[in-house]
Amino acid sequence: MSYITDDKLVILGAAGAIGSNMMQAALTMGLTPNVCGYDPFADGMEGTCEEIYHCAFPGAKATWTSDIKEALTGAKYIISSGGAPRKEGMTREDLLKGNAEIAAQLGKDIKAYCPELKFLVVIFNPADITGLTALVHSGLHPSKVGTLAALDSTRLQTALAQHFGVEQSDVQGCRTYGGHGEQMAVYSSTTTVAGRKLNDIIGTDELPAEKWAEIRQHVCQGGKRIIELRGRSSFQSPAHQSVLMVKSVMSGEEYPWPVGTYCETPCGQKLMMALETKLTPDGVVSEMPQGSDEENAELQESVGHLAKLRDEVIEMGTLPPLDQWGTVNPNLA
Ligand SMILES: NC(=O)c1ccc[n+]([C@@H]2O[C@H](COP(=O)([O-])OP(=O)(O)OC[C@H]3O[C@@H](n4cnc5c(N)ncnc54)[C@H](O)[C@@H]3O)[C@@H](O)[C@H]2O)c1
């Protein structure tokens, strides 16, 4: 079996649903044989790694530990799903306090044990805020940190394909930007269905305005629906997309979905959120989406919501005040 690289990939939260799937996906997809799982739940972590051994991946050198220093030493890539998941009735924002503290510690651990990291993907929710918190404390350049933000766009693609009865790959350019909470901006101007502009179809008999509003609502609540159907939060799709993100940075292969990335918005907010992005071997590069006035206004609303959440984390003392970010992380000066 051939692998893209020998670099060490560390999966944090690897005893959990997303993390254990990612350990397996990273080997199945041939990223690197050097996959290390970390989780404070040592028995669960050992169980995950035993299963990986039983898969008998040729050439794999999977390891596990419950010692964060051992996990991160020598790490070149990290994907972290290590945090509490949502339960029925909870929003992603309900997870804010506990998971923001985990993110701050993750950033500090990266600074201490693997400052040369090539790329970090943050999954645990609310991902825009945990990703930002980890970035500030890590000292990493903002291009080296991305959050998993693709699922809202893949859910939009799914819903449109189901509505029009076409193959998923016939729906192209699906984009949601801004936060990964329920206040995201769902764009229609970027999307085509079997080569036709979605905006030319909305408001016709093929897709009445009310139906489009329903699809948007469905997308914003896509994660909630999985919890209702399965009794637990989604894990297959976040695992797959996050491993694809790292594969893209390792290989230079195109990653076709938005990534959550650090930005200073035109209105001067320092945030992390889904933008139009490219993953490259040097990390993530982004640009502000150019939508209609209505879409841009929706993005502004999402920005306002994220800024409020970020400010709560500053008030908790888990993030430093904005004017001190450059001291903690010179790359943000
Ligand atoms: N961004 C997205 O699109 C997206 C999608 C789905 C789920 N999520 C989020 O991903 C996270 C993980 O979900 P899951 O279903 O795998 O949950 P899970 O409960 O199955 O697994 C989480 C694991 O994290 C471990 N953990 C706890 N504290 C930790 C720490 N400080 N460091 C490392 N590991 C730690 C736990 O022991 C557990 O094994 C949740 O926050 C969930 O909301 C995000």
# chains A, B, ... in the order shown; residues from 1 in each chain; ligands from 1
call {"tool": "residues_near_ligand", "arguments": {"ligand": "ligand 1", "cutoff": "8 Å", "atoms": "only C-alpha atoms and all ligand atoms", "output": "ChimeraX atom specification"}}
result
/A:12-20,38-41,44-45,80-86,92,95,99,102-103,105-106,122-127,147-152,180,223,232-235,237-238
call {"tool": "write_last_selection", "arguments": {"atoms": "C-alpha atoms", "output": "JSON list (two decimals), in the first residue's frame"}}
result
[["chain", "number", "residue", "atom", "x", "y", "z"],
["A", 12, "LEU", "CA", -7.53, 13.98, 18.97],
["A", 13, "GLY", "CA", -10.74, 12.54, 20.42],
["A", 14, "ALA", "CA", -9.94, 9.28, 18.63],
["A", 15, "ALA", "CA", -11.94, 7.09, 21.05],
["A", 16, "GLY", "CA", -15.07, 8.95, 19.95],
["A", 17, "ALA", "CA", -17.35, 8.43, 16.99],
["A", 18, "ILE", "CA", -15.78, 10.92, 14.58],
["A", 19, "GLY", "CA", -12.21, 10.33, 15.76],
["A", 20, "SER", "CA", -12.31, 6.54, 15.46],
["A", 38, "TYR", "CA", -5.18, 10.49, 21.47],
["A", 39, "ASP", "CA", -8.10, 10.50, 23.90],
["A", 40, "PRO", "CA", -8.34, 11.04, 27.66],
["A", 41, "PHE", "CA", -10.63, 7.97, 27.72],
["A", 44, "GLY", "CA", -11.85, 3.57, 24.54],
["A", 45, "MET", "CA", -8.68, 4.78, 22.84],
["A", 80, "SER", "CA", -9.38, 17.32, 16.52],
["A", 81, "SER", "CA", -12.89, 16.09, 17.25],
["A", 82, "GLY", "CA", -11.97, 15.92, 20.95],
["A", 83, "GLY", "CA", -14.82, 17.65, 22.72],
["A", 84, "ALA", "CA", -18.40, 17.15, 23.87],
["A", 85, "PRO", "CA", -21.03, 16.50, 21.17],
["A", 86, "ARG", "CA", -24.57, 17.89, 20.97],
["A", 92, "ARG", "CA", -23.92, 23.89, 18.89],
["A", 95, "LEU", "CA", -21.32, 23.54, 23.99],
["A", 99, "ASN", "CA", -15.33, 23.14, 24.42],
["A", 102, "ILE", "CA", -10.58, 22.46, 25.58],
["A", 103, "ALA", "CA", -9.68, 24.54, 22.48],
["A", 105, "GLN", "CA", -5.62, 24.08, 26.00],
["A", 106, "LEU", "CA", -5.21, 22.51, 22.56],
["A", 122, "VAL", "CA", -10.79, 21.67, 14.24],
["A", 123, "ILE", "CA", -14.12, 19.88, 14.25],
["A", 124, "PHE", "CA", -15.52, 20.10, 17.75],
["A", 125, "ASN", "CA", -18.36, 22.57, 18.16],
["A", 126, "PRO", "CA", -19.04, 25.42, 17.99],
["A", 127, "ALA", "CA", -16.22, 24.90, 15.48],
["A", 147, "THR", "CA", -12.33, 24.25, 10.67],
["A", 148, "LEU", "CA", -14.66, 21.69, 9.18],
["A", 149, "ALA", "CA", -17.38, 23.79, 7.58],
["A", 150, "ALA", "CA", -18.27, 21.68, 4.54],
["A", 151, "LEU", "CA", -21.27, 19.79, 5.82],
["A", 152, "ASP", "CA", -23.70, 22.68, 5.42],
["A", 180, "HIS", "CA", -21.54, 26.69, 11.14],
["A", 223, "GLY", "CA", -27.16, 18.42, 11.89],
["A", 232, "ARG", "CA", -26.66, 10.96, 18.12],
["A", 233, "SER", "CA", -24.79, 13.67, 16.29],
["A", 234, "SER", "CA", -23.39, 13.02, 12.80],
["A", 235, "PHE", "CA", -20.05, 11.25, 12.56],
["A", 237, "SER", "CA", -19.66, 12.81, 7.10],
["A", 238, "PRO", "CA", -17.52, 14.95, 9.46]]
call {"tool": "select_by_dssp", "arguments": {"residues": "stretch 64-197 of chain A", "states": "strand (DSSP E or B)", "output": "PDB file with all heavy atoms, in the first residue's frame"}}
result
ATOM      1  N   TRP A  64      -1.343   4.785  19.844  1.00  0.00           N
ATOM      2  CA  TRP A  64      -2.321   5.530  20.638  1.00  0.00           C
ATOM      3  C   TRP A  64      -1.718   5.924  21.973  1.00  0.00           C
ATOM      4  O   TRP A  64      -0.755   5.300  22.437  1.00  0.00           O
ATOM      5  CB  TRP A  64      -3.612   4.722  20.856  1.00  0.00           C
ATOM      6  CG  TRP A  64      -3.441   3.547  21.785  1.00  0.00           C
ATOM      7  CD1 TRP A  64      -3.044   2.280  21.448  1.00  0.00           C
ATOM      8  CD2 TRP A  64      -3.644   3.534  23.201  1.00  0.00           C
ATOM      9  NE1 TRP A  64      -2.985   1.483  22.551  1.00  0.00           N
ATOM     10  CE2 TRP A  64      -3.351   2.230  23.651  1.00  0.00           C
ATOM     11  CE3 TRP A  64      -4.044   4.494  24.141  1.00  0.00           C
ATOM     12  CZ2 TRP A  64      -3.450   1.850  24.995  1.00  0.00           C
ATOM     13  CZ3 TRP A  64      -4.147   4.129  25.482  1.00  0.00           C
ATOM     14  CH2 TRP A  64      -3.853   2.812  25.892  1.00  0.00           C
ATOM     15  N   THR A  65      -2.287   6.947  22.572  1.00  0.00           N
ATOM     16  CA  THR A  65      -1.805   7.391  23.881  1.00  0.00           C
ATOM     17  C   THR A  65      -2.877   8.246  24.554  1.00  0.00           C
ATOM     18  O   THR A  65      -3.757   8.785  23.879  1.00  0.00           O
ATOM     19  CB  THR A  65      -0.500   8.215  23.737  1.00  0.00           C
ATOM     20  OG1 THR A  65      -0.119   8.701  25.023  1.00  0.00           O
ATOM     21  CG2 THR A  65      -0.666   9.410  22.822  1.00  0.00           C
ATOM     22  N   ALA A  75       4.228  15.902  15.732  1.00  0.00           N
ATOM     23  CA  ALA A  75       3.030  15.953  14.874  1.00  0.00           C
ATOM     24  C   ALA A  75       3.203  16.970  13.749  1.00  0.00           C
ATOM     25  O   ALA A  75       3.695  18.071  13.970  1.00  0.00           O
ATOM     26  CB  ALA A  75       1.804  16.328  15.711  1.00  0.00           C
ATOM     27  N   LYS A  76       2.812  16.574  12.552  1.00  0.00           N
ATOM     28  CA  LYS A  76       2.837  17.509  11.419  1.00  0.00           C
ATOM     29  C   LYS A  76       1.408  17.903  11.022  1.00  0.00           C
ATOM     30  O   LYS A  76       1.178  18.955  10.445  1.00  0.00           O
ATOM     31  CB  LYS A  76       3.543  16.868  10.215  1.00  0.00           C
ATOM     32  CG  LYS A  76       5.036  16.660  10.448  1.00  0.00           C
ATOM     33  CD  LYS A  76       5.778  18.002  10.455  1.00  0.00           C
ATOM     34  CE  LYS A  76       7.271  17.867  10.540  1.00  0.00           C
ATOM     35  NZ  LYS A  76       7.753  17.455  11.861  1.00  0.00           N
ATOM     36  N   TYR A  77       0.465  17.036  11.322  1.00  0.00           N
ATOM     37  CA  TYR A  77      -0.952  17.325  11.038  1.00  0.00           C
ATOM     38  C   TYR A  77      -1.766  16.884  12.247  1.00  0.00           C
ATOM     39  O   TYR A  77      -1.466  15.849  12.860  1.00  0.00           O
ATOM     40  CB  TYR A  77      -1.451  16.538   9.812  1.00  0.00           C
ATOM     41  CG  TYR A  77      -0.718  16.888   8.545  1.00  0.00           C
ATOM     42  CD1 TYR A  77       0.434  16.193   8.162  1.00  0.00           C
ATOM     43  CD2 TYR A  77      -1.159  17.925   7.730  1.00  0.00           C
ATOM     44  CE1 TYR A  77       1.132  16.520   7.009  1.00  0.00           C
ATOM     45  CE2 TYR A  77      -0.467  18.267   6.570  1.00  0.00           C
ATOM     46  CZ  TYR A  77       0.671  17.556   6.217  1.00  0.00           C
ATOM     47  OH  TYR A  77       1.354  17.898   5.075  1.00  0.00           O
ATOM     48  N   ILE A  78      -2.800  17.674  12.573  1.00  0.00           N
ATOM     49  CA  ILE A  78      -3.710  17.291  13.656  1.00  0.00           C
ATOM     50  C   ILE A  78      -5.136  17.486  13.162  1.00  0.00           C
ATOM     51  O   ILE A  78      -5.447  18.500  12.524  1.00  0.00           O
ATOM     52  CB  ILE A  78      -3.529  18.189  14.912  1.00  0.00           C
ATOM     53  CG1 ILE A  78      -2.106  18.080  15.480  1.00  0.00           C
ATOM     54  CG2 ILE A  78      -4.555  17.842  15.993  1.00  0.00           C
ATOM     55  CD1 ILE A  78      -1.830  19.074  16.619  1.00  0.00           C
ATOM     56  N   ILE A  79      -5.988  16.526  13.485  1.00  0.00           N
ATOM     57  CA  ILE A  79      -7.433  16.751  13.328  1.00  0.00           C
ATOM     58  C   ILE A  79      -8.030  16.524  14.707  1.00  0.00           C
ATOM     59  O   ILE A  79      -7.795  15.479  15.321  1.00  0.00           O
ATOM     60  CB  ILE A  79      -8.102  15.777  12.345  1.00  0.00           C
ATOM     61  CG1 ILE A  79      -7.298  15.624  11.050  1.00  0.00           C
ATOM     62  CG2 ILE A  79      -9.522  16.250  12.027  1.00  0.00           C
ATOM     63  CD1 ILE A  79      -7.903  14.646  10.048  1.00  0.00           C
ATOM     64  N   SER A  80      -8.817  17.484  15.190  1.00  0.00           N
ATOM     65  CA  SER A  80      -9.382  17.315  16.522  1.00  0.00           C
ATOM     66  C   SER A  80     -10.903  17.312  16.534  1.00  0.00           C
ATOM     67  O   SER A  80     -11.543  18.299  16.182  1.00  0.00           O
ATOM     68  CB  SER A  80      -8.897  18.401  17.484  1.00  0.00           C
ATOM     69  OG  SER A  80      -9.484  18.115  18.758  1.00  0.00           O
ATOM     70  N   PHE A 119      -0.633  21.622   9.510  1.00  0.00           N
ATOM     71  CA  PHE A 119      -2.061  21.975   9.391  1.00  0.00           C
ATOM     72  C   PHE A 119      -2.867  21.360  10.526  1.00  0.00           C
ATOM     73  O   PHE A 119      -2.642  20.212  10.916  1.00  0.00           O
ATOM     74  CB  PHE A 119      -2.639  21.506   8.046  1.00  0.00           C
ATOM     75  CG  PHE A 119      -3.866  22.286   7.651  1.00  0.00           C
ATOM     76  CD1 PHE A 119      -3.803  23.652   7.389  1.00  0.00           C
ATOM     77  CD2 PHE A 119      -5.111  21.676   7.559  1.00  0.00           C
ATOM     78  CE1 PHE A 119      -4.923  24.384   7.042  1.00  0.00           C
ATOM     79  CE2 PHE A 119      -6.239  22.397   7.199  1.00  0.00           C
ATOM     80  CZ  PHE A 119      -6.148  23.755   6.939  1.00  0.00           C
ATOM     81  N   LEU A 120      -3.796  22.162  11.040  1.00  0.00           N
ATOM     82  CA  LEU A 120      -4.724  21.720  12.098  1.00  0.00           C
ATOM     83  C   LEU A 120      -6.149  21.867  11.579  1.00  0.00           C
ATOM     84  O   LEU A 120      -6.516  22.926  11.063  1.00  0.00           O
ATOM     85  CB  LEU A 120      -4.553  22.624  13.338  1.00  0.00           C
ATOM     86  CG  LEU A 120      -5.690  22.594  14.375  1.00  0.00           C
ATOM     87  CD1 LEU A 120      -5.722  21.249  15.112  1.00  0.00           C
ATOM     88  CD2 LEU A 120      -5.517  23.736  15.402  1.00  0.00           C
ATOM     89  N   VAL A 121      -6.926  20.805  11.720  1.00  0.00           N
ATOM     90  CA  VAL A 121      -8.362  20.889  11.417  1.00  0.00           C
ATOM     91  C   VAL A 121      -9.131  20.750  12.733  1.00  0.00           C
ATOM     92  O   VAL A 121      -8.945  19.770  13.460  1.00  0.00           O
ATOM     93  CB  VAL A 121      -8.818  19.758  10.462  1.00  0.00           C
ATOM     94  CG1 VAL A 121     -10.329  19.829  10.232  1.00  0.00           C
ATOM     95  CG2 VAL A 121      -8.080  19.837   9.140  1.00  0.00           C
ATOM     96  N   VAL A 122      -9.977  21.717  13.025  1.00  0.00           N
ATOM     97  CA  VAL A 122     -10.787  21.671  14.242  1.00  0.00           C
ATOM     98  C   VAL A 122     -12.228  21.336  13.863  1.00  0.00           C
ATOM     99  O   VAL A 122     -12.814  21.970  12.978  1.00  0.00           O
ATOM    100  CB  VAL A 122     -10.735  23.014  15.002  1.00  0.00           C
ATOM    101  CG1 VAL A 122     -11.698  23.004  16.186  1.00  0.00           C
ATOM    102  CG2 VAL A 122      -9.320  23.280  15.504  1.00  0.00           C
ATOM    103  N   VAL A 145      -4.517  26.753  10.094  1.00  0.00           N
ATOM    104  CA  VAL A 145      -5.663  26.279  10.879  1.00  0.00           C
ATOM    105  C   VAL A 145      -6.937  26.416  10.061  1.00  0.00           C
ATOM    106  O   VAL A 145      -7.211  27.479   9.487  1.00  0.00           O
ATOM    107  CB  VAL A 145      -5.827  27.099  12.191  1.00  0.00           C
ATOM    108  CG1 VAL A 145      -6.989  26.558  13.026  1.00  0.00           C
ATOM    109  CG2 VAL A 145      -4.537  27.083  13.008  1.00  0.00           C
ATOM    110  N   GLY A 146      -7.707  25.342  10.002  1.00  0.00           N
ATOM    111  CA  GLY A 146      -9.005  25.404   9.324  1.00  0.00           C
ATOM    112  C   GLY A 146     -10.034  24.651  10.144  1.00  0.00           C
ATOM    113  O   GLY A 146      -9.677  23.762  10.930  1.00  0.00           O
ATOM    114  N   THR A 147     -11.286  25.032   9.998  1.00  0.00           N
ATOM    115  CA  THR A 147     -12.333  24.248  10.671  1.00  0.00           C
ATOM    116  C   THR A 147     -13.158  23.520   9.621  1.00  0.00           C
ATOM    117  O   THR A 147     -13.244  23.948   8.468  1.00  0.00           O
ATOM    118  CB  THR A 147     -13.279  25.128  11.517  1.00  0.00           C
ATOM    119  OG1 THR A 147     -14.028  25.976  10.650  1.00  0.00           O
ATOM    120  CG2 THR A 147     -12.512  25.961  12.520  1.00  0.00           C
ATOM    121  N   LEU A 148     -13.753  22.430  10.062  1.00  0.00           N
ATOM    122  CA  LEU A 148     -14.655  21.688   9.176  1.00  0.00           C
ATOM    123  C   LEU A 148     -15.943  22.497   9.028  1.00  0.00           C
ATOM    124  O   LEU A 148     -16.668  22.686  10.003  1.00  0.00           O
ATOM    125  CB  LEU A 148     -14.974  20.318   9.784  1.00  0.00           C
ATOM    126  CG  LEU A 148     -16.093  19.568   9.053  1.00  0.00           C
ATOM    127  CD1 LEU A 148     -15.668  19.194   7.636  1.00  0.00           C
ATOM    128  CD2 LEU A 148     -16.501  18.322   9.825  1.00  0.00           C
ATOM    129  N   VAL A 171     -25.376  18.715  -9.076  1.00  0.00           N
ATOM    130  CA  VAL A 171     -25.601  19.986  -8.370  1.00  0.00           C
ATOM    131  C   VAL A 171     -24.233  20.512  -7.974  1.00  0.00           C
ATOM    132  O   VAL A 171     -23.512  19.872  -7.203  1.00  0.00           O
ATOM    133  CB  VAL A 171     -26.496  19.786  -7.124  1.00  0.00           C
ATOM    134  CG1 VAL A 171     -26.785  21.124  -6.462  1.00  0.00           C
ATOM    135  CG2 VAL A 171     -27.799  19.085  -7.496  1.00  0.00           C
ATOM    136  N   GLN A 172     -23.853  21.637  -8.526  1.00  0.00           N
ATOM    137  CA  GLN A 172     -22.483  22.155  -8.352  1.00  0.00           C
ATOM    138  C   GLN A 172     -22.496  23.532  -7.695  1.00  0.00           C
ATOM    139  O   GLN A 172     -23.471  24.277  -7.808  1.00  0.00           O
ATOM    140  CB  GLN A 172     -21.808  22.276  -9.723  1.00  0.00           C
ATOM    141  CG  GLN A 172     -21.433  20.926 -10.338  1.00  0.00           C
ATOM    142  CD  GLN A 172     -20.324  20.221  -9.572  1.00  0.00           C
ATOM    143  OE1 GLN A 172     -19.372  20.852  -9.138  1.00  0.00           O
ATOM    144  NE2 GLN A 172     -20.461  18.913  -9.376  1.00  0.00           N
ATOM    145  N   ARG A 175     -22.861  26.485  -1.733  1.00  0.00           N
ATOM    146  CA  ARG A 175     -22.045  27.239  -0.790  1.00  0.00           C
ATOM    147  C   ARG A 175     -22.873  27.795   0.351  1.00  0.00           C
ATOM    148  O   ARG A 175     -23.872  28.483   0.131  1.00  0.00           O
ATOM    149  CB  ARG A 175     -21.395  28.452  -1.493  1.00  0.00           C
ATOM    150  CG  ARG A 175     -20.323  28.081  -2.496  1.00  0.00           C
ATOM    151  CD  ARG A 175     -19.068  27.650  -1.733  1.00  0.00           C
ATOM    152  NE  ARG A 175     -17.976  27.277  -2.597  1.00  0.00           N
ATOM    153  CZ  ARG A 175     -17.721  26.032  -3.004  1.00  0.00           C
ATOM    154  NH1 ARG A 175     -18.525  25.039  -2.670  1.00  0.00           N
ATOM    155  NH2 ARG A 175     -16.672  25.769  -3.759  1.00  0.00           N
ATOM    156  N   THR A 176     -22.431  27.488   1.587  1.00  0.00           N
ATOM    157  CA  THR A 176     -22.912  28.261   2.717  1.00  0.00           C
ATOM    158  C   THR A 176     -21.671  28.909   3.314  1.00  0.00           C
ATOM    159  O   THR A 176     -20.604  28.298   3.346  1.00  0.00           O
ATOM    160  CB  THR A 176     -23.629  27.399   3.782  1.00  0.00           C
ATOM    161  OG1 THR A 176     -22.655  26.660   4.510  1.00  0.00           O
ATOM    162  CG2 THR A 176     -24.664  26.467   3.174  1.00  0.00           C
ATOM    163  N   TYR A 177     -21.798  30.139   3.724  1.00  0.00           N
ATOM    164  CA  TYR A 177     -20.660  30.876   4.296  1.00  0.00           C
ATOM    165  C   TYR A 177     -21.034  31.371   5.684  1.00  0.00           C
ATOM    166  O   TYR A 177     -22.186  31.306   6.098  1.00  0.00           O
ATOM    167  CB  TYR A 177     -20.317  32.070   3.402  1.00  0.00           C
ATOM    168  CG  TYR A 177     -19.853  31.720   2.015  1.00  0.00           C
ATOM    169  CD1 TYR A 177     -20.606  32.109   0.898  1.00  0.00           C
ATOM    170  CD2 TYR A 177     -18.666  31.031   1.789  1.00  0.00           C
ATOM    171  CE1 TYR A 177     -20.179  31.819  -0.393  1.00  0.00           C
ATOM    172  CE2 TYR A 177     -18.235  30.738   0.497  1.00  0.00           C
ATOM    173  CZ  TYR A 177     -18.989  31.139  -0.590  1.00  0.00           C
ATOM    174  OH  TYR A 177     -18.568  30.853  -1.856  1.00  0.00           O
ATOM    175  N   GLY A 178     -20.023  31.897   6.377  1.00  0.00           N
ATOM    176  CA  GLY A 178     -20.258  32.410   7.722  1.00  0.00           C
ATOM    177  C   GLY A 178     -20.174  31.279   8.723  1.00  0.00           C
ATOM    178  O   GLY A 178     -19.396  30.346   8.561  1.00  0.00           O
ATOM    179  N   MET A 184     -26.193  30.581   9.594  1.00  0.00           N
ATOM    180  CA  MET A 184     -25.247  30.598   8.487  1.00  0.00           C
ATOM    181  C   MET A 184     -25.878  31.340   7.313  1.00  0.00           C
ATOM    182  O   MET A 184     -27.080  31.596   7.300  1.00  0.00           O
ATOM    183  CB  MET A 184     -24.889  29.178   8.078  1.00  0.00           C
ATOM    184  CG  MET A 184     -26.071  28.395   7.565  1.00  0.00           C
ATOM    185  SD  MET A 184     -25.709  26.661   7.263  1.00  0.00           S
ATOM    186  CE  MET A 184     -25.684  25.957   8.891  1.00  0.00           C
ATOM    187  N   ALA A 185     -25.073  31.700   6.318  1.00  0.00           N
ATOM    188  CA  ALA A 185     -25.597  32.346   5.116  1.00  0.00           C
ATOM    189  C   ALA A 185     -25.638  31.308   3.998  1.00  0.00           C
ATOM    190  O   ALA A 185     -24.597  30.792   3.591  1.00  0.00           O
ATOM    191  CB  ALA A 185     -24.699  33.514   4.731  1.00  0.00           C
ATOM    192  N   VAL A 186     -26.845  30.974   3.537  1.00  0.00           N
ATOM    193  CA  VAL A 186     -27.004  29.970   2.475  1.00  0.00           C
ATOM    194  C   VAL A 186     -27.090  30.724   1.142  1.00  0.00           C
ATOM    195  O   VAL A 186     -28.036  31.469   0.915  1.00  0.00           O
ATOM    196  CB  VAL A 186     -28.289  29.139   2.695  1.00  0.00           C
ATOM    197  CG1 VAL A 186     -28.424  28.069   1.613  1.00  0.00           C
ATOM    198  CG2 VAL A 186     -28.302  28.505   4.082  1.00  0.00           C
ATOM    199  N   TYR A 187     -26.088  30.537   0.287  1.00  0.00           N
ATOM    200  CA  TYR A 187     -26.045  31.262  -0.988  1.00  0.00           C
ATOM    201  C   TYR A 187     -26.752  30.444  -2.073  1.00  0.00           C
ATOM    202  O   TYR A 187     -26.608  29.220  -2.125  1.00  0.00           O
ATOM    203  CB  TYR A 187     -24.589  31.511  -1.403  1.00  0.00           C
ATOM    204  CG  TYR A 187     -23.984  32.734  -0.744  1.00  0.00           C
ATOM    205  CD1 TYR A 187     -24.110  32.949   0.621  1.00  0.00           C
ATOM    206  CD2 TYR A 187     -23.287  33.678  -1.494  1.00  0.00           C
ATOM    207  CE1 TYR A 187     -23.561  34.076   1.229  1.00  0.00           C
ATOM    208  CE2 TYR A 187     -22.730  34.806  -0.902  1.00  0.00           C
ATOM    209  CZ  TYR A 187     -22.876  34.998   0.459  1.00  0.00           C
ATOM    210  OH  TYR A 187     -22.334  36.113   1.053  1.00  0.00           O
ATOM    211  N   THR A 192     -25.426  25.678  -9.453  1.00  0.00           N
ATOM    212  CA  THR A 192     -26.090  25.269 -10.696  1.00  0.00           C
ATOM    213  C   THR A 192     -26.655  23.863 -10.514  1.00  0.00           C
ATOM    214  O   THR A 192     -26.104  23.051  -9.773  1.00  0.00           O
ATOM    215  CB  THR A 192     -25.104  25.252 -11.893  1.00  0.00           C
ATOM    216  OG1 THR A 192     -24.023  24.373 -11.568  1.00  0.00           O
ATOM    217  CG2 THR A 192     -24.589  26.616 -12.242  1.00  0.00           C
ATOM    218  N   VAL A 193     -27.786  23.618 -11.184  1.00  0.00           N
ATOM    219  CA  VAL A 193     -28.412  22.291 -11.156  1.00  0.00           C
ATOM    220  C   VAL A 193     -28.453  21.791 -12.597  1.00  0.00           C
ATOM    221  O   VAL A 193     -29.086  22.427 -13.449  1.00  0.00           O
ATOM    222  CB  VAL A 193     -29.845  22.363 -10.587  1.00  0.00           C
ATOM    223  CG1 VAL A 193     -30.493  20.980 -10.587  1.00  0.00           C
ATOM    224  CG2 VAL A 193     -29.842  22.967  -9.187  1.00  0.00           C
ATOM    225  N   ARG A 196     -27.861  24.466 -15.022  1.00  0.00           N
ATOM    226  CA  ARG A 196     -28.709  25.689 -14.996  1.00  0.00           C
ATOM    227  C   ARG A 196     -28.503  26.431 -13.678  1.00  0.00           C
ATOM    228  O   ARG A 196     -28.354  25.819 -12.626  1.00  0.00           O
ATOM    229  CB  ARG A 196     -30.186  25.299 -15.112  1.00  0.00           C
ATOM    230  CG  ARG A 196     -30.524  24.693 -16.465  1.00  0.00           C
ATOM    231  CD  ARG A 196     -31.875  24.007 -16.400  1.00  0.00           C
ATOM    232  NE  ARG A 196     -32.967  24.924 -16.123  1.00  0.00           N
ATOM    233  CZ  ARG A 196     -34.127  24.564 -15.586  1.00  0.00           C
ATOM    234  NH1 ARG A 196     -34.353  23.306 -15.241  1.00  0.00           N
ATOM    235  NH2 ARG A 196     -35.065  25.448 -15.393  1.00  0.00           N
ATOM    236  N   LYS A 197     -28.549  27.780 -13.767  1.00  0.00           N
ATOM    237  CA  LYS A 197     -28.368  28.574 -12.545  1.00  0.00           C
ATOM    238  C   LYS A 197     -29.550  28.366 -11.604  1.00  0.00           C
ATOM    239  O   LYS A 197     -30.714  28.527 -12.036  1.00  0.00           O
ATOM    240  CB  LYS A 197     -28.286  30.062 -12.901  1.00  0.00           C
ATOM    241  CG  LYS A 197     -26.994  30.451 -13.533  1.00  0.00           C
ATOM    242  CD  LYS A 197     -26.970  31.957 -13.762  1.00  0.00           C
ATOM    243  CE  LYS A 197     -25.651  32.342 -14.395  1.00  0.00           C
ATOM    244  NZ  LYS A 197     -25.645  33.722 -14.837  1.00  0.00           N
TER     245      LYS A 197
END
call {"tool": "residues_around", "arguments": {"residues": "stretch 207-211 of chain A", "least_positions_apart": "6", "cutoff": "9 Å", "atoms": "only C-alpha atoms", "output": "number ranges by chain"}}
result
A: 163-164, 201
call {"tool": "residues_around", "arguments": {"residues": "A:Val10", "least_positions_apart": "4", "cutoff": "6 Å", "atoms": "only C-alpha atoms", "output": "list in words"}}
result
Val35, Cys36, Gly37 and Ile78 of chain A
call {"tool": "write_last_selection", "arguments": {"atoms": "N, CA and C atoms", "output": "compact mmCIF listing (two decimals), in the first residue's frame"}}
result
# COMPACT_ATOMS: atom_id res chain seq x y z
N VAL A 35 -0.25 7.21 11.97
CA VAL A 35 -1.45 7.81 12.54
C VAL A 35 -1.44 7.53 14.03
N CYS A 36 -1.55 8.60 14.82
CA CYS A 36 -1.55 8.45 16.28
C CYS A 36 -2.89 8.93 16.83
N GLY A 37 -3.55 8.11 17.62
CA GLY A 37 -4.81 8.51 18.24
C GLY A 37 -4.57 8.94 19.68
N ILE A 78 -2.80 17.67 12.57
CA ILE A 78 -3.71 17.29 13.66
C ILE A 78 -5.14 17.49 13.16
call {"tool": "residues_around", "arguments": {"residues": "A:Met29", "least_positions_apart": "4", "cutoff": "10 Å", "atoms": "only C-alpha atoms", "output": "PyMOL selection string"}}
result
chain A and resi 2-4+24-25+240+243-244+247
call {"tool": "write_last_selection", "arguments": {"atoms": "N, CA and C atoms", "output": "short mmCIF file (atom, residue, chain, number, x, y, z; two decimals), in the first residue's frame"}}
result
data_model
loop_
_atom_site.label_atom_id
_atom_site.label_comp_id
_atom_site.auth_asym_id
_atom_site.auth_seq_id
_atom_site.Cartn_x
_atom_site.Cartn_y
_atom_site.Cartn_z
N SER A 2 0.56 2.24 -0.83
CA SER A 2 1.39 3.45 -0.83
C SER A 2 0.65 4.59 -0.12
N TYR A 3 1.44 5.41 0.56
CA TYR A 3 0.90 6.54 1.33
C TYR A 3 1.44 7.84 0.74
N ILE A 4 0.69 8.93 0.96
CA ILE A 4 1.11 10.24 0.42
C ILE A 4 2.39 10.71 1.10
N GLN A 24 -9.48 5.35 10.92
CA GLN A 24 -9.67 4.35 9.87
C GLN A 24 -9.62 4.98 8.47
N ALA A 25 -10.31 6.12 8.32
CA ALA A 25 -10.37 6.76 6.99
C ALA A 25 -8.98 7.21 6.54
N HIS A 240 -15.22 11.90 7.21
CA HIS A 240 -14.78 11.81 5.81
C HIS A 240 -14.25 13.16 5.32
N VAL A 243 -10.85 14.32 6.94
CA VAL A 243 -9.68 13.58 6.42
C VAL A 243 -9.38 14.04 4.99
N LEU A 244 -10.43 14.33 4.22
CA LEU A 244 -10.21 14.87 2.86
C LEU A 244 -9.46 16.20 2.91
N LYS A 247 -5.91 15.46 3.51
CA LYS A 247 -5.37 14.83 2.30
C LYS A 247 -5.04 15.91 1.25
#
